[in-house]
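Asks: I am attaching a structure below and will ask some questions about it afterwards.
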Amino acid sequence: MSSHLPLTPHLSPARVDQPVPLDRTLTYRLHQLHKLTDSDSQSAYPEHTGLSMSDGRCLTTIGTFEPLSVKELAEKANLNKGQASRGAQALVDQGLVLKADHPGDGRGVVLTLTPAGRKIFKSAMDMVAQRNEEIFGCLSPKEQATLSAMFDRLIAHARPGVAQASRAGLASNSRPR
């Protein structure tokens with residue numbers, strides 16, 4: 001069976017030759033959900049933390065994974081290095097994050113929360129939990145666990161190098177020996 005079948009519940013393999021309506025593709029629906037939830041998050045972060053959504057996401061990422069470098073912040077928060085650097089500096093300027101020299105890299109820095117940052121981190125994480133309940137509360141706990149496991153699998157598969165290696169493996173396995 002091909003790994004390139006559309007991920008739509010209403011199409012069976014017998015109907016794969018028919019085009020999939022755009023609004024039934026997984027990528028379209030993920031983007032739609034992202035846009036719907038992001039617009040609410042734009043106002044929720046300032047309301048609950050006093051931070052922009054961008055700074056709030058940097059703060060929650062640092063608080064969750066500290067200590068971390070700007071490069072690690074970029075990777076964990078899905079930002080480019082410039083965005084991560086600006087976000088970290090904005091939080092440093094507000095007294096919410098401490099930027100210290102990296103002990104193993106003379107050019108690098110390590111980011112950690114300050115006591116004031118920890119207070120806002122708690123408020124932000126409470127808001128994140130509330131937002132997740134608002135978004136996913138229509139699913140049972142079992143459905144939420146299943147969806148979470150599926151997201152883990154899709155994210156791992158989509159990571160750079162994984163999908164290419166998977167396709168290369170399929171191609172090499174299909175060669176006659």
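A note on labels: chains of the structure tokens are A, B, ... as shown, every chain counts residues from 1, and ligands are counted from 1 in their shown order.
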Enumerate, as a ChimeraX atom specification, the complete set of residues in region 44-144 of chain A that a backbone-based DSSP assignment places in helix (DSSP H, G or I).

Replies: /A:44-49,53-65,70-77,81-93,115-136,141-144

Asks: Can you pull out the residues contacting region 104-110 of chain A? Cut-off 7 Å, using only C-alpha atoms, and skip same-chain residues under 6 positions away; I want them as a PyMOL selection string.

Replies: chain A and resi 67-69

Asks: Please identify which residues in region 3-177 of chain A DSSP calls strand (DSSP E) from the backbone, and express them as a PyMOL selection string.

Replies: chain A and resi 97-102+105-113

Asks: I need the residues from that last selection saved to file as a PDB file, in the first residue's frame (with N, CA and C atoms), if you can.

Replies:
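Saved file part21.pdb follows:
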```pdb
ATOM      1  N   VAL A  97      13.981  37.309  32.108  1.00  0.00           N
ATOM      2  CA  VAL A  97      14.934  36.264  31.738  1.00  0.00           C
ATOM      3  C   VAL A  97      16.339  36.754  32.034  1.00  0.00           C
ATOM      4  N   LEU A  98      17.159  35.845  32.522  1.00  0.00           N
ATOM      5  CA  LEU A  98      18.567  36.115  32.772  1.00  0.00           C
ATOM      6  C   LEU A  98      19.363  35.499  31.632  1.00  0.00           C
ATOM      7  N   LYS A  99      20.263  36.289  31.074  1.00  0.00           N
ATOM      8  CA  LYS A  99      21.131  35.807  30.007  1.00  0.00           C
ATOM      9  C   LYS A  99      22.545  35.772  30.575  1.00  0.00           C
ATOM     10  N   ALA A 100      23.103  34.567  30.688  1.00  0.00           N
ATOM     11  CA  ALA A 100      24.440  34.398  31.246  1.00  0.00           C
ATOM     12  C   ALA A 100      25.349  33.750  30.210  1.00  0.00           C
ATOM     13  N   ASP A 101      26.659  33.947  30.368  1.00  0.00           N
ATOM     14  CA  ASP A 101      27.610  33.309  29.461  1.00  0.00           C
ATOM     15  C   ASP A 101      27.499  31.806  29.577  1.00  0.00           C
ATOM     16  N   HIS A 102      27.563  31.147  28.427  1.00  0.00           N
ATOM     17  CA  HIS A 102      27.519  29.678  28.382  1.00  0.00           C
ATOM     18  C   HIS A 102      28.860  29.157  28.895  1.00  0.00           C
ATOM     19  N   ASP A 105      30.863  27.432  26.031  1.00  0.00           N
ATOM     20  CA  ASP A 105      30.987  28.107  24.744  1.00  0.00           C
ATOM     21  C   ASP A 105      31.129  29.597  25.003  1.00  0.00           C
ATOM     22  N   GLY A 106      32.309  30.117  24.797  1.00  0.00           N
ATOM     23  CA  GLY A 106      32.595  31.517  25.084  1.00  0.00           C
ATOM     24  C   GLY A 106      31.729  32.500  24.328  1.00  0.00           C
ATOM     25  N   ARG A 107      31.182  32.085  23.161  1.00  0.00           N
ATOM     26  CA  ARG A 107      30.343  32.992  22.382  1.00  0.00           C
ATOM     27  C   ARG A 107      28.868  32.828  22.703  1.00  0.00           C
ATOM     28  N   GLY A 108      28.488  31.715  23.324  1.00  0.00           N
ATOM     29  CA  GLY A 108      27.084  31.424  23.556  1.00  0.00           C
ATOM     30  C   GLY A 108      26.571  31.953  24.881  1.00  0.00           C
ATOM     31  N   VAL A 109      25.246  31.950  25.022  1.00  0.00           N
ATOM     32  CA  VAL A 109      24.591  32.365  26.260  1.00  0.00           C
ATOM     33  C   VAL A 109      23.611  31.285  26.699  1.00  0.00           C
ATOM     34  N   VAL A 110      23.276  31.341  27.979  1.00  0.00           N
ATOM     35  CA  VAL A 110      22.295  30.432  28.569  1.00  0.00           C
ATOM     36  C   VAL A 110      21.156  31.288  29.108  1.00  0.00           C
ATOM     37  N   LEU A 111      19.937  30.896  28.792  1.00  0.00           N
ATOM     38  CA  LEU A 111      18.749  31.634  29.203  1.00  0.00           C
ATOM     39  C   LEU A 111      18.035  30.897  30.331  1.00  0.00           C
ATOM     40  N   THR A 112      17.689  31.621  31.388  1.00  0.00           N
ATOM     41  CA  THR A 112      16.902  31.082  32.504  1.00  0.00           C
ATOM     42  C   THR A 112      15.922  32.162  32.957  1.00  0.00           C
ATOM     43  N   LEU A 113      14.873  31.747  33.624  1.00  0.00           N
ATOM     44  CA  LEU A 113      13.894  32.705  34.136  1.00  0.00           C
ATOM     45  C   LEU A 113      14.401  33.362  35.408  1.00  0.00           C
TER      46      LEU A 113
END
```

Asks: Which one is closest to Thr61 (chain A): A:Thr27, A:Thr49, A:Thr37, A:Asn78? Count only C-alpha atoms.

Replies: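 Selected residue with least distance to Thr61 (chain A): A:Asn78.
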
Asks: For a test of reading the model, state the distance in Å between CA of Ser52 (chain A) and CA of Leu154 (chain A), rounded to one decimal.

Replies: 28.8 Å

Asks: How far is it from CA of Ala77 (chain A) to CA of Met150 (chain A), in Å with one decimal?

Replies: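 Going from CA of Ala77 (chain A) over to CA of Met150 (chain A), I get 20.0 Å.
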
Asks: Check the smallest atom-to-atom distance from each of A:Gly82, A:Thr114, A:Cys58, A:Thr146 to Gly95 (chain A) using only C-alpha atoms, then report the winner.

Replies: A:Thr114
